[in-house]
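Enquirer: Starting off with a structure, shown below.
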Amino acid sequence: MDFILSIMVFTSITVIAVTGIFVISGLTGLFSLGQAAFMAIGAYVAGVLAVNYHLSFPVAGFVAVLVGLLAGAIVGLPAIRLRRDYIALATFGFGEAIAALLNQSVSITGGAMGLSGIPKKTGIELAVISALICIFIVRNFKYSKFGRQCIALREDELAAKSMGINVTRVKMVAFLLSAAITAYAGVLYAFYTTYVEPAMFVWTKSAEWIIIIYFGGINSLTGAVFAGILLTSLPEVLRFAAEWRVVIYCIVVIFILNFRPSGVFGEYELSFNWFRKWWKHLKEKKGVMR
Amino acid sequence: MNVLEVRGISKSFGGVKAVTDFSMTMKENDIIGVIGPNGAGKTTIFNVISGVYKQDSGQIFLGENDITNKEQHERARLGVARTFQNIRLFKGLSLLENVSAALDPTARYNIFHNILLSRKMRMEEKRIKEESERFLELVGLLKYQAEKPENLSYGYQRKLEIARALAIKPKVLLLDEPAAGLNPKEVVDLINLIRKISQDLDLSILIIEHRMEVIMELCRFIYVQNFGKTIAYGTPKEIQENEEVIKAYLGEED
Amino acid sequence: MYLQVLINGLSLGSVYAIIAVGFALVFNILKFSNFSHGGVMTVTAYVGFLAAKHLEAPLVLTILVAILTGGLLAVFAEFVAFRRIRRNKGPVIYYFVSSITLGILFENLITIFFSTNFYSFPDFFETSTLKLGEVVMSVSDLMMFLISCTSLIILAFIIYRTKIGTAVRAVSYDFNTASLMGINVNVVIMAVFFLAGGLGGISGVFLGINYTLYPQLGQLVVKGFIASVIGGLGSLHGAVMGAFLLGLVEILLVQIIGSGFAPVFIFIIMLGFLLIRPRGIAGINIQEKA
């Protein structure tokens with residue numbers, strides 16, 4: 001039972017991080033290879049505040065998210081003005097810089113040995129409810145002026161500017177939102193595993209999340225969440241295949257990019273309308289059968 | 001007061017002088033045409049006016065605003081709208097959302113309203129939806145509002161571009177070869193649409209075209225460009241009889 | 001002391017130069033950043049290791065094996081990960097995701113088969129260091145420098161003096177026109193990937209010899225990317241210049257502030273560069289047309 005609970009917590013945390021990446025790399029199409037660094041910031045700031053300064057969980061978490069936002073602003077401001085390829089490079093560099101800082105500041109963070117002794121405060125309820133809230137927030141983001149403008153500038157930045165969209169401002173909002181969400185995921189993570197080390201937040205983790213988004217379909221939040229759940233929980237359940245997990249979904253993603261680039265879910269989004277129609281369809285079928 | 005005034009615009013790319021000393025004025029409800037052989041620099045003029053390129057010299061005034069150094073999106077907000085020679089629609093958004101995207105910069109709510117789904121946000125979204133539907137209706141595409149632009153025919157895609165440009169509520173609308181790729185019936189439709197827009201909405205229109213029916217039918221005034229320079233300007237009748245224009249298009253008689 | 005720094009910087013620069021040119025070759029022709037290059041480097045490094053250790057191959061043979069393996073692997077990568085996207089005229093972003101995915105795939109495959117142990121190449125040279133006056137240089141560094149320069153000269157010859165080279169340059173300017181002129185674009189692209197892969201192979205083997213062999217070796221491709229950016233994306237000689245510059249700067253930074261904080265400063269310098277002169281030293285500013 002414990003095992004299943006822990007899978008659910010980790011899956012929820014991954015889902016939160018994935019919703020964050022969905023905003024910046026899916027909707028807005030900006031390759032942030034440094035998202036894991038925001039998770040690290042969230043985890044470490046909250047962890048250090050709790051362990052070294054004995055702040056309570058909610059306060060530490062709140063401050064950590066704020067710091068994540070601040071970092072997002074500092075990195076985002078220059079980064080979003082760059083060309084597509086360069087944004088990947090700049091955010092990657094940011095990730096490396098954060099990792100280096102964490103490794104070097106041994107006295108505060110424990111360096112490469114990590115930070116331990118963080119109180120365990122993340123329960124299954126908090127994790128799942130947080131995930132649902134984040135999904136809710138990002139869904140509303142997508143179906144709003146923000147989501148539309150993000151997709152517009154992703155598809156054709158020149159045309160978007162010509163239609164009056166302040167591309168820089170929209171990118172910044174997306175960047176900050178994703179930084180905050182990802183930092184929060186880090187907070188939950190730290191207060192569940194009670195131990196964090198820099199090696200947990202390498203750039204390949206950021207790349208993995210981007211791969212998850214492309215697997216699900218960059219336009220589909222449902223796809224992103226589903227892919228996140230599937231690709232996190234499945235290998236835990238099939239322990240023996242753990243090593244091959246990444247290899248398998250790399251192969252799958254390459255397949256998808258070749259044969260169905262819009263992702264497994266394409267444009268599809270789960271919605272109440274869909275449920276209503278499905279329910280109606282079922283009722284009609286039952287009526288016919290009688 | 002002129003709606004649009006362009007003074008002495010020049011733009012070169014490396015050694016190629018794409019536009020040399022172009023000047024033009026537009027009044028309210030004007031429809032003005034820009035014609036000329038391929039490579040004459042017509043789209044470059046549009047790109048400079050809308051802010052895609054920065055001019056090497058010259059000034060641009062929109063009403064009393066000096067927009068010479070303003071960014072693309074600022075010019076759009078002030079009232080310069082355009083369509084593109086190679087259609088540039090937003091894939092991944094439905095027709096309705098394409099038009100809404102152009103209205104979104106005017107939406108008066110922020111991210112916090114969005115997260116909390118506040119009343120202000122819901123009202124603004126409703127307004128945007130209704131206005132988008134109106135613009136789609138104007139070009140006759142309302143029944144396709146949920147479709148993706150890639151699934152539409154070429155003619156419909158062009159209409160969508162126009163609807164999207166109109167959603168900015170511009171003072172000046174730049175149409176870059178709106179009739180390209182349309183069959184004769186669609187061209188007639190287009191001419192009627194442009195006429196309707198010019199009469200019903202309070203704007204001035206600048207058209208680049210190769211299809212002479214469009215230009216001659218609609219334009220009060222025409223500028224003829226060749227190799228970046230204005231070789232003639234005048235009413236449609238004057239242009240049709242102008243020697244230089246005939247030479248430019250057809251070459252000289254031996 | 002400064003001479004030592006210079007020598008070390010140049011030798012490091014020569015390694016980066018091969019990586020950067022391999023990277024730039026593909027960027028030139030397909031206009032995207034090929035992150036699978038790192039994976040190719042890693043795999044060839046291990047193959048070279050196997051050849052050296054188990055087949056007791058001498059240095060020259062090992063390098064030849066590396067070039068062949070790298071070239072073939074790169075051509076395979078093009079076929080599997082990029083060809084169909086090109087055929088479907090997919091957006092540039094797909095190439096990018098595909099290349100990162102492939103890179104991660106290679107890295108993980110190596111991890112599965114070789115685990116995360118560090119391996120080292122058998123010694124190829126009898127003396128390991130040379131002393132010229134006050135300057136100490138390792139023989140393998142010298143070899144690396146010489147072989148790098150030789151490869152670059154051979155490459156330059158191919159690109160600028162042979163028929164296939166001219167075809168490569170034509171395709172990099174304009175895809176469609178080149179194919180209309182009768183150039184078989186697919187063959188040219190395969191040739192470019194083979195060349196890039198071959199260079200990647202050389203760099204992989206040398207990195208393995210000089211440092212150690214570990215699965216994350218391929219992440220040095222980022223240095224190639226940075227070098228290309230500094231020199232100007234799309235310019236081959238720019239990539240070389242950028243690489244030597246990067247090598248020197250890095251050695252200098254490590255000397256002054258130590259290898260721990262170096263990534264932080266490199267990030268700041270790189271960010272500054274990207275903001276102030278994004279087109280690099282030799283690059284051309286590509287403006288989007290409407």
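Residue numbering restarts at 1 for every chain of the structure tokens, chains are lettered A, B, ... in their displayed order, and ligands are numbered from 1 as they appear.
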With only C-alpha atoms considered, list every residue of chain C at most 10 Å from chain A, as a ChimeraX atom specification.
Expert: /C:32-33,80-88,90-109,111-112,219,222,225-226,229,259-268,270-272,274-275,278,288-290
Enquirer: As a PyMOL selection string, list the residues of range 90-206 of chain A assigned to alpha helix (DSSP H) by DSSP on the backbone atoms of this structure.
Expert: chain A and resi 90-104+106-109+124-142+145-155+157-162+167-193+203-206
Enquirer: Using only C-alpha atoms for the distances, tell me which of B:Arg82, B:Lys17, B:Arg77, B:Lys120 is nearest to chain C.
Expert: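 Once distances to chain C are computed over only C-alpha atoms, the minimum belongs to B:Arg82.
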Enquirer: I'd like the neighbourhood of Gly70 in chain C as a PDB file with C-alpha atoms, in the first residue's frame, where a residue qualifies if any of its atoms comes within 12 Å (using only C-alpha atoms), though same-chain residues fewer than 2 positions away should be ignored.
Expert:
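Saved file result.pdb follows:
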```pdb
ATOM      1  CA  GLY C  22      30.487  18.773 -36.625  1.00  0.00           C
ATOM      2  CA  SER C  36      22.177  13.974 -31.100  1.00  0.00           C
ATOM      3  CA  HIS C  37      25.747  14.817 -32.081  1.00  0.00           C
ATOM      4  CA  GLY C  38      26.697  14.334 -28.444  1.00  0.00           C
ATOM      5  CA  GLY C  39      25.160  10.891 -28.413  1.00  0.00           C
ATOM      6  CA  VAL C  40      27.108   9.953 -31.534  1.00  0.00           C
ATOM      7  CA  MET C  41      30.292  11.142 -29.829  1.00  0.00           C
ATOM      8  CA  THR C  42      29.600   9.022 -26.780  1.00  0.00           C
ATOM      9  CA  VAL C  43      28.823   5.854 -28.694  1.00  0.00           C
ATOM     10  CA  THR C  44      31.883   6.139 -30.917  1.00  0.00           C
ATOM     11  CA  ALA C  45      34.039   6.815 -27.881  1.00  0.00           C
ATOM     12  CA  TYR C  46      32.921   3.530 -26.363  1.00  0.00           C
ATOM     13  CA  VAL C  47      33.309   1.658 -29.640  1.00  0.00           C
ATOM     14  CA  GLY C  48      36.797   3.075 -29.964  1.00  0.00           C
ATOM     15  CA  THR C  62      41.179   3.323 -33.402  1.00  0.00           C
ATOM     16  CA  ILE C  63      40.675   6.711 -34.933  1.00  0.00           C
ATOM     17  CA  LEU C  64      39.686   5.192 -38.261  1.00  0.00           C
ATOM     18  CA  VAL C  65      37.200   2.935 -36.524  1.00  0.00           C
ATOM     19  CA  ALA C  66      35.848   5.984 -34.731  1.00  0.00           C
ATOM     20  CA  ILE C  67      35.416   7.959 -37.940  1.00  0.00           C
ATOM     21  CA  LEU C  68      33.611   5.096 -39.613  1.00  0.00           C
ATOM     22  CA  LEU C  72      27.542   5.563 -40.105  1.00  0.00           C
ATOM     23  CA  LEU C  73      25.775   6.260 -36.839  1.00  0.00           C
ATOM     24  CA  ALA C  74      25.113   9.839 -37.867  1.00  0.00           C
ATOM     25  CA  VAL C  75      23.694   8.740 -41.212  1.00  0.00           C
ATOM     26  CA  PHE C  76      21.494   6.281 -39.343  1.00  0.00           C
ATOM     27  CA  ALA C  77      20.360   9.081 -37.059  1.00  0.00           C
ATOM     28  CA  PHE C 193      25.911  13.744 -41.657  1.00  0.00           C
ATOM     29  CA  PHE C 194      28.668  11.277 -42.416  1.00  0.00           C
ATOM     30  CA  LEU C 195      31.264  14.023 -42.248  1.00  0.00           C
ATOM     31  CA  ALA C 196      29.780  15.446 -39.081  1.00  0.00           C
ATOM     32  CA  GLY C 197      29.578  12.010 -37.529  1.00  0.00           C
ATOM     33  CA  GLY C 198      33.120  11.257 -38.515  1.00  0.00           C
ATOM     34  CA  LEU C 199      34.323  14.410 -36.816  1.00  0.00           C
ATOM     35  CA  GLY C 200      32.179  13.551 -33.831  1.00  0.00           C
ATOM     36  CA  GLY C 201      33.846  10.176 -33.727  1.00  0.00           C
ATOM     37  CA  ILE C 202      37.313  11.690 -33.620  1.00  0.00           C
ATOM     38  CA  SER C 203      36.312  14.081 -30.869  1.00  0.00           C
ATOM     39  CA  GLY C 204      34.573  11.325 -28.913  1.00  0.00           C
ATOM     40  CA  VAL C 205      37.593   9.063 -28.963  1.00  0.00           C
TER      41      VAL C 205
END
```
Enquirer: Write out as a compact mmCIF listing (two decimals) with C-alpha atoms, in the first residue's frame all residues of range 52-231 of chain A that DSSP puts in strand (DSSP E or B) for this structure's backbone.
Expert:
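For reference, out-v8.txt as written:
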```txt
# COMPACT_ATOMS: atom_id res chain seq x y z
CA LEU A 115 20.56 18.41 2.06
CA SER A 116 18.86 16.03 4.41
CA TYR A 195 16.51 14.69 1.09
CA VAL A 196 17.65 16.55 -2.03
```
Enquirer: Name the residues in contact with Asp56 in chain B at a cut-off of 9 Å, using only C-alpha atoms, excluding same-chain residues fewer than 2 positions from it; report them as JSON, numbers by chain.
Expert: {"B": [9, 10, 11, 12, 54, 58]}
Enquirer: Which residues of chain B are close to chain A, meaning at most 8 Å apart when you count only C-alpha atoms, and how do they look as a count of residues only?
Expert: 32
Enquirer: Give me, as a Markdown table, the closest atom pair and its distance (Å, one decimal) for every residue of chain B within a cut-off of 12 Å of chain C, counting only C-alpha atoms, rows sorted by chain and rising number.
Expert:
```
| residue | atom | partner | partner_atom | distance |
| --- | --- | --- | --- | --- |
| B:Phe13 | CA | C:Gln287 | CA | 10.2 |
| B:Gly14 | CA | C:Asn285 | CA | 11.3 |
| B:Lys42 | CA | C:Ala290 | CA | 11.7 |
| B:Thr43 | CA | C:Ala290 | CA | 7.9 |
| B:Thr44 | CA | C:Ala290 | CA | 8.4 |
| B:Ile45 | CA | C:Ala290 | CA | 11.0 |
| B:Phe46 | CA | C:Ala290 | CA | 9.1 |
| B:Asn47 | CA | C:Ala290 | CA | 6.9 |
| B:Val48 | CA | C:Ala290 | CA | 10.4 |
| B:Ser50 | CA | C:Ala290 | CA | 10.3 |
| B:Gly51 | CA | C:Ala290 | CA | 10.6 |
| B:Val52 | CA | C:Ala290 | CA | 7.4 |
| B:Tyr53 | CA | C:Lys289 | CA | 8.7 |
| B:Lys54 | CA | C:Gln287 | CA | 11.2 |
| B:Arg82 | CA | C:Ala290 | CA | 10.8 |
| B:Thr83 | CA | C:Ala290 | CA | 9.9 |
| B:Phe84 | CA | C:Ala290 | CA | 6.9 |
| B:Gln85 | CA | C:Ala290 | CA | 7.7 |
| B:Asn86 | CA | C:Ala290 | CA | 7.9 |
| B:Ile87 | CA | C:Ala290 | CA | 9.8 |
| B:Arg88 | CA | C:Ala290 | CA | 9.1 |
| B:Lys91 | CA | C:Pro91 | CA | 11.7 |
| B:Asp176 | CA | C:Ala290 | CA | 10.2 |
```
Enquirer: For CA of Ile230 in chain C and CA of Gly13 in chain C, quote the distance in Å rounded to one decimal.
Expert: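 Here the two named atoms are 13.0 Å from each other.
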Enquirer: Near Thr222 in chain A, counting only C-alpha atoms, which residues have an atom at most 7 Å away, once you skip same-chain residues fewer than 4 positions from it, shown as a PDB file with C-alpha atoms, in the first residue's frame?
Expert:
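Result written to selection_34.pdb:
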```pdb
ATOM      1  CA  PHE A 226      -1.780  11.602 -19.342  1.00  0.00           C
ATOM      2  CA  GLU A 269      -8.864  18.053 -24.764  1.00  0.00           C
ATOM      3  CA  LEU A 270     -10.957  16.390 -22.117  1.00  0.00           C
TER       4      LEU A 270
END
```
Enquirer: Got a sec: who's within 7 Å of range 141-155 of chain C, counting only C-alpha atoms, leaving out chain neighbours fewer than 3 positions off, as a ChimeraX atom specification?
Expert: /C:11,14-15,18,137-138,158-159,206
